[in-house]
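A.B. asks: Structure file my_file-v1.txt, compact mmCIF, C-alpha atoms, is pasted below:
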# COMPACT_ATOMS: atom_id res chain seq x y z
CA MET A 7 55.85 118.59 95.73
CA LYS A 8 52.79 118.64 98.03
CA SER A 9 50.52 118.52 94.99
CA PHE A 10 52.45 115.55 93.63
CA LEU A 11 52.21 113.68 96.95
CA ARG A 12 48.47 114.31 97.16
CA SER A 13 48.09 112.83 93.66
CA LEU A 14 50.29 109.92 94.67
CA VAL A 15 48.12 109.20 97.72
CA TYR A 16 45.03 109.18 95.50
CA CYS A 17 46.69 106.77 93.05
CA ALA A 18 47.79 104.57 95.93
CA SER A 19 44.18 104.11 97.00
CA LEU A 20 43.29 102.93 93.49
CA LEU A 21 46.35 100.83 92.85
CA LEU A 22 46.48 98.90 96.11
CA SER A 23 43.28 97.08 95.21
CA ASP A 24 44.61 96.29 91.73
CA VAL A 25 47.74 94.84 93.28
CA LEU A 26 45.68 92.69 95.63
CA ALA A 27 43.72 91.26 92.71
CA THR A 28 46.82 90.15 90.84
CA TYR A 29 49.06 89.38 93.83
CA HIS A 30 50.56 85.90 93.68
CA LEU A 31 49.31 83.88 96.65
CA SER A 32 50.26 80.30 97.27
CA ALA A 33 47.59 77.63 97.55
CA GLY A 34 46.30 77.46 101.11
CA ASP A 35 47.63 80.90 102.06
CA PRO A 36 45.43 82.18 104.93
CA HIS A 37 45.47 85.69 103.46
CA LEU A 38 43.97 84.55 100.15
CA SER A 39 40.34 85.01 101.20
CA ALA A 40 40.92 88.49 102.57
CA ALA A 41 42.73 89.63 99.45
CA GLN A 42 40.10 88.14 97.15
CA SER A 43 37.22 89.66 99.13
CA TYR A 44 38.65 93.17 99.08
CA ALA A 45 39.61 93.02 95.40
CA GLN A 46 36.17 91.73 94.43
CA THR A 47 34.45 94.51 96.41
CA ARG A 48 36.62 97.09 94.64
CA ASN A 49 35.87 95.53 91.26
CA ASN A 50 32.11 95.52 91.85
CA GLY A 51 32.18 99.28 92.31
CA ARG A 52 33.80 99.92 88.95
CA PRO A 53 32.09 100.85 85.68
CA PRO A 54 30.89 97.95 83.48
CA PRO A 55 33.82 96.15 81.80
CA ARG A 56 34.58 96.72 78.15
CA THR A 57 33.07 94.25 75.72
CA LEU A 58 34.66 92.41 72.83
CA ASN A 59 34.64 94.85 69.91
CA PRO A 60 36.65 93.73 66.86
CA ALA A 61 36.48 97.19 65.33
CA LYS A 62 38.04 98.95 68.29
CA THR A 63 41.76 99.05 68.99
CA ASP A 64 43.28 100.67 72.06
CA SER A 65 46.59 102.51 72.21
CA GLN A 66 49.40 100.04 71.72
CA CYS A 67 52.86 99.75 73.11
CA ARG A 68 55.97 99.12 71.09
CA SER A 69 56.44 95.48 72.09
CA ARG A 70 59.42 93.36 71.19
CA PRO A 71 58.43 91.03 68.33
CA LEU A 72 57.02 87.76 69.65
CA ASP A 73 55.61 84.49 68.42
CA LEU A 74 52.80 84.41 70.99
CA VAL A 75 50.41 81.50 71.53
CA PHE A 76 47.46 81.69 73.92
CA ILE A 77 46.40 78.30 75.33
CA ILE A 78 42.90 78.67 76.79
CA ASP A 79 40.88 76.26 78.90
CA SER A 80 37.25 75.92 77.76
CA SER A 81 36.33 72.85 79.81
CA ARG A 82 32.93 72.34 81.41
CA SER A 83 33.92 74.28 84.54
CA VAL A 84 34.25 77.46 82.48
CA ARG A 85 30.75 78.88 82.16
CA PRO A 86 29.71 80.58 78.88
CA GLY A 87 29.82 84.06 80.42
CA GLU A 88 33.25 83.37 81.89
CA PHE A 89 34.56 82.16 78.54
CA GLU A 90 33.41 85.42 76.97
CA LYS A 91 35.54 87.25 79.54
CA VAL A 92 38.54 85.16 78.49
CA LYS A 93 37.94 86.18 74.88
CA THR A 94 37.69 89.82 75.94
CA PHE A 95 41.00 89.44 77.79
CA LEU A 96 42.61 88.04 74.63
CA ALA A 97 41.26 90.93 72.57
CA HIS A 98 42.61 93.46 75.08
CA MET A 99 45.98 91.71 74.98
CA VAL A 100 45.99 91.99 71.19
CA ASP A 101 45.31 95.72 71.57
CA THR A 102 48.49 96.17 73.61
CA LEU A 103 50.75 94.38 71.12
CA ASP A 104 52.56 95.60 68.03
CA VAL A 105 50.86 93.05 65.78
CA GLY A 106 52.16 92.39 62.29
CA ALA A 107 54.12 90.09 60.01
CA GLU A 108 57.36 91.69 61.21
CA GLY A 109 56.06 92.39 64.71
CA THR A 110 54.16 90.10 67.06
CA ARG A 111 52.33 87.11 65.59
CA VAL A 112 49.52 85.51 67.60
CA ALA A 113 47.88 82.08 67.64
CA VAL A 114 45.17 80.60 69.87
CA VAL A 115 44.95 77.00 71.07
CA ASN A 116 41.59 76.05 72.62
CA TYR A 117 41.33 72.93 74.76
CA ALA A 118 39.16 70.77 76.97
CA SER A 119 39.16 66.97 76.49
CA THR A 120 40.33 67.66 72.96
CA VAL A 121 42.49 70.39 71.45
CA LYS A 122 41.54 72.79 68.67
CA ILE A 123 43.93 75.28 67.12
CA GLU A 124 41.65 78.24 66.45
CA PHE A 125 44.14 80.11 64.29
CA LEU A 126 47.86 79.96 63.58
CA LEU A 127 50.68 82.47 63.79
CA LYS A 128 50.57 82.89 60.00
CA ASP A 129 46.83 83.53 59.75
CA HIS A 130 46.30 87.14 60.89
CA PHE A 131 48.67 90.09 60.76
CA ASN A 132 46.29 92.90 61.74
CA LYS A 133 44.27 93.52 64.88
CA PRO A 134 40.72 93.75 63.46
CA ASP A 135 40.98 90.36 61.70
CA MET A 136 42.62 88.79 64.73
CA LYS A 137 39.91 90.07 67.09
CA LYS A 138 37.16 88.86 64.77
CA ALA A 139 38.75 85.41 64.85
CA ILE A 140 38.83 85.56 68.66
CA SER A 141 35.16 86.57 68.79
CA ARG A 142 34.21 83.42 66.84
CA ILE A 143 35.88 80.98 69.27
CA GLU A 144 33.44 78.59 70.96
CA PRO A 145 34.02 76.55 74.15
CA LEU A 146 34.73 72.82 73.76
CA ALA A 147 33.39 71.68 77.18
CA ALA A 148 34.15 68.31 78.85
CA GLY A 149 37.57 67.63 80.47
CA THR A 150 40.84 69.48 81.09
CA MET A 151 43.71 68.00 79.06
CA THR A 152 46.22 70.77 79.67
CA GLY A 153 49.28 68.62 78.94
CA LEU A 154 47.84 67.63 75.57
CA ALA A 155 47.20 71.30 74.78
CA ILE A 156 50.80 72.27 75.59
CA LYS A 157 52.11 69.40 73.44
CA SER A 158 49.85 70.44 70.54
CA ALA A 159 51.01 74.04 70.81
CA MET A 160 54.66 72.98 70.80
CA ASN A 161 54.31 70.54 67.88
CA GLU A 162 51.73 72.34 65.75
CA ALA A 163 51.53 76.05 66.63
CA PHE A 164 55.20 76.89 67.27
CA THR A 165 56.45 75.53 63.93
CA GLU A 166 57.79 77.42 60.94
CA LEU A 167 55.09 75.77 58.82
CA SER A 168 52.49 77.39 61.08
CA GLY A 169 54.12 80.81 60.96
CA ALA A 170 56.76 80.78 63.71
CA ARG A 171 59.96 82.58 62.77
CA PRO A 172 63.19 80.52 62.45
CA ARG A 173 65.70 80.51 65.29
CA SER A 174 68.09 82.62 63.24
CA LYS A 175 65.73 85.59 63.60
CA ASN A 176 65.98 85.38 67.40
CA ILE A 177 62.25 86.00 67.95
CA SER A 178 61.01 85.10 71.43
CA LYS A 179 58.44 82.30 71.63
CA VAL A 180 55.88 82.84 74.39
CA ALA A 181 52.90 80.76 75.56
CA ILE A 182 50.25 82.12 77.93
CA ILE A 183 48.10 79.39 79.50
CA VAL A 184 44.75 80.35 81.08
CA THR A 185 43.01 77.67 83.17
CA ASP A 186 40.63 77.37 86.11
CA GLY A 187 41.04 73.71 87.00
CA ARG A 188 43.33 70.82 87.75
CA PRO A 189 44.81 69.11 84.66
CA GLN A 190 43.52 65.61 83.99
CA ASP A 191 46.81 64.61 82.40
CA GLN A 192 50.50 65.12 83.17
CA VAL A 193 51.88 68.61 82.57
CA GLU A 194 55.34 68.59 84.16
CA GLU A 195 57.29 66.66 81.51
CA VAL A 196 55.62 68.18 78.47
CA SER A 197 56.04 71.68 79.92
CA ALA A 198 59.74 70.99 80.56
CA ALA A 199 60.09 69.85 76.95
CA ALA A 200 58.36 72.99 75.70
CA ARG A 201 60.61 75.22 77.80
CA ALA A 202 63.68 73.28 76.63
CA SER A 203 62.65 73.98 73.03
CA GLY A 204 62.82 77.70 73.75
CA ILE A 205 59.20 78.49 74.68
CA GLU A 206 58.70 80.85 77.62
CA ILE A 207 55.54 79.82 79.50
CA TYR A 208 53.27 82.02 81.59
CA ALA A 209 50.56 80.24 83.63
CA VAL A 210 47.41 82.10 84.64
CA GLY A 211 45.20 80.40 87.22
CA VAL A 212 41.60 81.40 87.87
CA ASP A 213 39.46 80.53 90.90
CA ARG A 214 39.89 76.76 91.48
CA ALA A 215 43.12 76.43 89.51
CA ASP A 216 45.72 74.08 91.00
CA MET A 217 48.73 76.16 92.05
CA ARG A 218 51.17 73.25 91.94
CA SER A 219 50.25 72.52 88.32
CA LEU A 220 50.67 76.18 87.41
CA GLN A 221 54.14 76.13 88.90
CA GLN A 222 55.03 72.92 87.03
CA MET A 223 54.03 74.52 83.73
CA ALA A 224 55.57 77.96 84.09
CA SER A 225 59.06 79.20 83.29
CA ILE A 226 61.31 80.51 86.02
CA PRO A 227 61.42 82.71 87.99
CA LEU A 228 57.95 81.56 89.05
CA ASP A 229 57.13 84.93 90.62
CA ASP A 230 57.29 86.45 87.14
CA HIS A 231 55.48 83.65 85.30
CA VAL A 232 52.67 82.42 87.57
CA PHE A 233 49.58 84.56 88.08
CA TYR A 234 46.34 84.07 89.95
CA VAL A 235 43.01 85.91 89.79
CA GLU A 236 40.04 85.06 91.95
CA THR A 237 37.40 85.14 89.18
CA TYR A 238 37.17 85.52 85.43
CA GLY A 239 35.50 88.84 86.18
CA VAL A 240 38.87 90.36 87.10
CA ILE A 241 41.13 88.58 84.59
CA GLU A 242 41.23 91.82 82.62
CA LYS A 243 43.45 93.24 85.37
CA LEU A 244 46.27 91.07 84.07
CA THR A 245 46.37 92.97 80.78
CA SER A 246 48.43 95.76 82.33
CA LYS A 247 50.74 93.24 84.00
CA PHE A 248 51.46 91.51 80.71
CA ARG A 249 51.82 94.88 79.02
CA GLU A 250 54.56 95.69 81.51
CA THR A 251 56.22 92.32 80.86
CA LEU A 252 55.92 92.15 77.08
CA CYS A 253 56.29 95.80 76.09
CA ALA A 254 59.61 97.49 75.58
CA VAL A 255 58.47 101.02 76.40
CA LYS A 256 60.72 103.42 78.26
CA VAL A 257 59.08 104.86 81.36
CA GLU A 258 59.20 108.63 81.14
CA VAL A 259 58.87 111.05 84.05
CA VAL A 260 55.32 112.42 84.04
CA GLU A 261 53.65 115.00 86.26
CA ASP A 262 50.52 112.87 86.75
CA PRO A 263 51.49 109.72 88.71
CA CYS A 264 48.23 108.04 87.55
CA LYS A 265 49.36 107.92 83.92
CA CYS A 266 49.96 104.50 82.47
CA GLU A 267 53.72 104.19 82.75
CA ALA A 268 53.74 105.59 86.30
CA ARG A 269 50.90 103.24 87.32
CA LEU A 270 52.90 100.25 86.12
CA ALA A 271 56.02 101.30 88.01
CA PHE A 272 54.01 102.07 91.15
CA GLN A 273 52.17 98.74 90.96
CA LYS A 274 55.47 96.88 90.87
CA GLN A 275 56.72 98.77 93.93
CA ALA A 276 53.44 98.17 95.75
CA GLN A 277 53.56 94.43 95.05
CA ALA A 278 57.01 94.25 96.65
CA ALA A 279 55.76 96.15 99.68
CA ILE A 280 52.73 93.87 100.07
CA GLN A 281 54.99 90.81 100.03
CA GLN A 282 56.70 92.28 103.07
CA LEU A 283 53.34 93.08 104.67
CA THR A 284 52.08 89.52 104.20
CA ALA A 285 54.95 88.15 106.27
CA LYS A 286 53.82 90.40 109.11
CA HIS A 287 50.13 89.43 108.82
CA ILE A 288 49.09 92.92 107.84
CA LEU A 289 47.62 92.16 104.40
CA SER A 290 44.07 91.86 105.75
CA VAL A 291 44.32 95.31 107.33
CA VAL A 292 44.29 97.38 104.15
CA SER A 293 44.52 100.72 105.90
CA GLY A 294 47.71 99.64 107.67
CA GLY A 295 49.22 98.49 104.40
CA MET A 296 48.26 101.79 102.79
CA ARG A 297 50.01 103.81 105.50
CA PHE A 298 53.15 101.67 105.13
CA ILE A 299 53.34 102.18 101.36
CA ILE A 300 52.56 105.89 101.42
CA ASN A 301 55.01 106.58 104.26
CA SER A 302 57.73 104.67 102.40
CA LEU A 303 57.09 106.67 99.25
CA CYS A 304 56.95 109.98 101.12
CA ASN A 305 60.28 109.25 102.85
CA THR A 306 61.80 108.81 99.38
CA PHE A 307 61.14 112.47 98.62
CA HIS A 308 62.67 113.81 101.88
Please lay out the structure from this file as structure tokens.
C.D. replies:
Amino acid sequence: MKSFLRSLVYCASLLLSDVLATYHLSAGDPHLSAAQSYAQTRNNGRPPPRTLNPAKTDSQCRSRPLDLVFIIDSSRSVRPGEFEKVKTFLAHMVDTLDVGAEGTRVAVVNYASTVKIEFLLKDHFNKPDMKKAISRIEPLAAGTMTGLAIKSAMNEAFTELSGARPRSKNISKVAIIVTDGRPQDQVEEVSAAARASGIEIYAVGVDRADMRSLQQMASIPLDDHVFYVETYGVIEKLTSKFRETLCAVKVEVVEDPCKCEARLAFQKQAQAAIQQLTAKHILSVVSGGMRFIINSLCNTFH
């Protein structure tokens, strides 16, 4: 038991920073700067991030079949290097999915002032081809017409003609929107229409993203569908969060608490604990938060 707790303490030191980087903070929250600063410091000390490699596929989870459409912002505010990180994030997401004609189908909608459907749900049924298609995506620049992009996804990407499965097959339709700005058009009504048609929407905000707009786009509960990361440099952290959400794996008891399934379960518990800490203005004092979490976990074993 002592050996297990020592391992758990070590994992806690790693995972707390990951939680801070993906923790959902409201716009204007006074703790936002502290959380971002600590998470960025932790990220800068890590090994170089993985690059986009179409030939490489990571271990996958057994996900429930989805019709999944990524809607990505490539407006002028997204620098070329940042857009490459978005593409790497998409490739890592593909790695986690059970891609195939009978499994998860993926499409990508690219937008700025205009909208371009990069590939449809019917176009690629294997990971290497899909990742090659992602690697060829180029930014569109100019404005941020997020509402138009959602409408285009609903009317053109989520159709049976484009490869979406019919309702009778009961396949979940999911859209993941990634944006760093404020929409230049209306998103509330078109997002409501998309949700009413059966599309589950996740909204990922980066840096200057408008939190109110993210909340207007996303499905409910908002805590499960709105995410924020401070820079594109840490967007990769969300891969594990979406893996937890989209994958139907059973968490097994493992001796090493740092293994993947245990990390996901621990991260979820830590996020709940940090929400309590924020209310008490302890988030900025990381050591205090660490003691709270570890003591709570240790008491569980007594």
A.B. asks: Each side padded by 8 Å, which centre and which edge lengths in Å (one decimal) define the axis-aligned box around the listed atoms of segment 210-217 of chain A? Give them as lines of an AutoDock Vina configuration file.
C.D. replies:
center_x = 44.1
center_y = 78.1
center_z = 88.3
size_x = 25.3
size_y = 24.0
size_z = 23.4
A.B. asks: May I have the protein, DNA and RNA residues with any atom at most 7 Å from the point (55.1, 79.8, 77.9), counting only C-alpha atoms, written as a list of chain:residue names?
C.D. replies: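 Counting only C-alpha atoms, I find these residues within 7 Å of (55.1, 79.8, 77.9): A:Val180, A:Ala181, A:Ile182, A:Ile205, A:Glu206, A:Ile207, A:Tyr208, A:Ala224, A:Ser225.
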A.B. asks: Suppose you want the space between atom CA of His231 of chain A and atom CA of Thr251 of chain A; what is it in Å?
C.D. replies: 9.8 Å
A.B. asks: Pick from A:Thr185, A:Thr102, A:Ser197, A:Gln222: nearest to Glu88 of chain A, with only C-alpha atoms counted?
C.D. replies: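 The shortest atom-to-atom distance to Glu88 of chain A comes from A:Thr185.
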A.B. asks: Between A:Met136, A:Val114, A:Ala215, A:Val210, which is the closest to Ser83 of chain A once you count only C-alpha atoms?
C.D. replies: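 The answer is A:Ala215, which sits nearest to Ser83 of chain A.
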A.B. asks: Around the point (45.3, 67.0, 73.2) in the file's coordinates, collect all residues with an atom within 12 Å, using all atoms listed in the file, and return them as JSON, numbers by chain.
C.D. replies: {"A": [77, 79, 115, 116, 117, 118, 119, 120, 121, 122, 123, 149, 150, 151, 152, 153, 154, 155, 156, 157, 158, 159, 160, 161, 162, 189, 190, 191, 192, 193, 196]}
A.B. asks: Would you compute the distance between atom CA of Thr237 of chain A and atom CA of Leu127 of chain A? Give it in Å to one decimal.
C.D. replies: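 It comes out at 28.8 Å.
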A.B. asks: How far is it from atom CA of Pro134 of chain A to atom CA of Val100 of chain A, in Å with one decimal?
C.D. replies: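 Separating atom CA of Pro134 of chain A from atom CA of Val100 of chain A is a distance of 9.5 Å.
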A.B. asks: Considering only C-alpha atoms, state which residue in the set A:Ala202, A:Arg218, A:Ala97, A:Asn176 is at the smallest distance from Ala139 of chain A.
C.D. replies: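 Closest residue, counting only C-alpha atoms: A:Ala97.
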A.B. asks: So, with only C-alpha atoms as the atoms that count, which of A:Val75, A:Ala200, A:Val92, A:Val212 lies closest to Val232 of chain A?
C.D. replies: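 Residue with the minimum atom-to-atom distance to Val232 of chain A: A:Val212.
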A.B. asks: Sort by chain and increasing residue number a table of all residues of segment 121-234 of chain A within 9 Å of segment 104-111 of chain A, each with its closest pair of atoms and their distance in Å to one decimal, counting all atoms listed in the file, and write it as a tab-separated table.
C.D. replies:
residue	atom	partner	partner_atom	distance
A:Leu126	CA	A:Arg111	CA	8.7
A:Leu127	CA	A:Arg111	CA	5.2
A:Lys128	CA	A:Arg111	CA	7.2
A:Asp129	CA	A:Arg111	CA	8.8
A:His130	CA	A:Arg111	CA	7.6
A:Phe131	CA	A:Gly106	CA	4.5
A:Asn132	CA	A:Gly106	CA	5.9
A:Lys133	CA	A:Val105	CA	6.7
A:Gly169	CA	A:Arg111	CA	8.0
A:Ala170	CA	A:Arg111	CA	8.0
A.B. asks: Between A:Arg201, A:Arg82, A:Lys137, A:Arg214, single out the one closest to Phe95 of chain A, counting all atoms listed in the file.
C.D. replies: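 Nearest to Phe95 of chain A: A:Lys137.
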A.B. asks: Restricting the calculation to all atoms listed in the file, which member of A:Ala113, A:Val240, A:Ala163, A:Cys253 is positioned closest to Lys91 of chain A?
C.D. replies: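 Among A:Ala113, A:Val240, A:Ala163, A:Cys253, it is A:Val240 that comes nearest to Lys91 of chain A.
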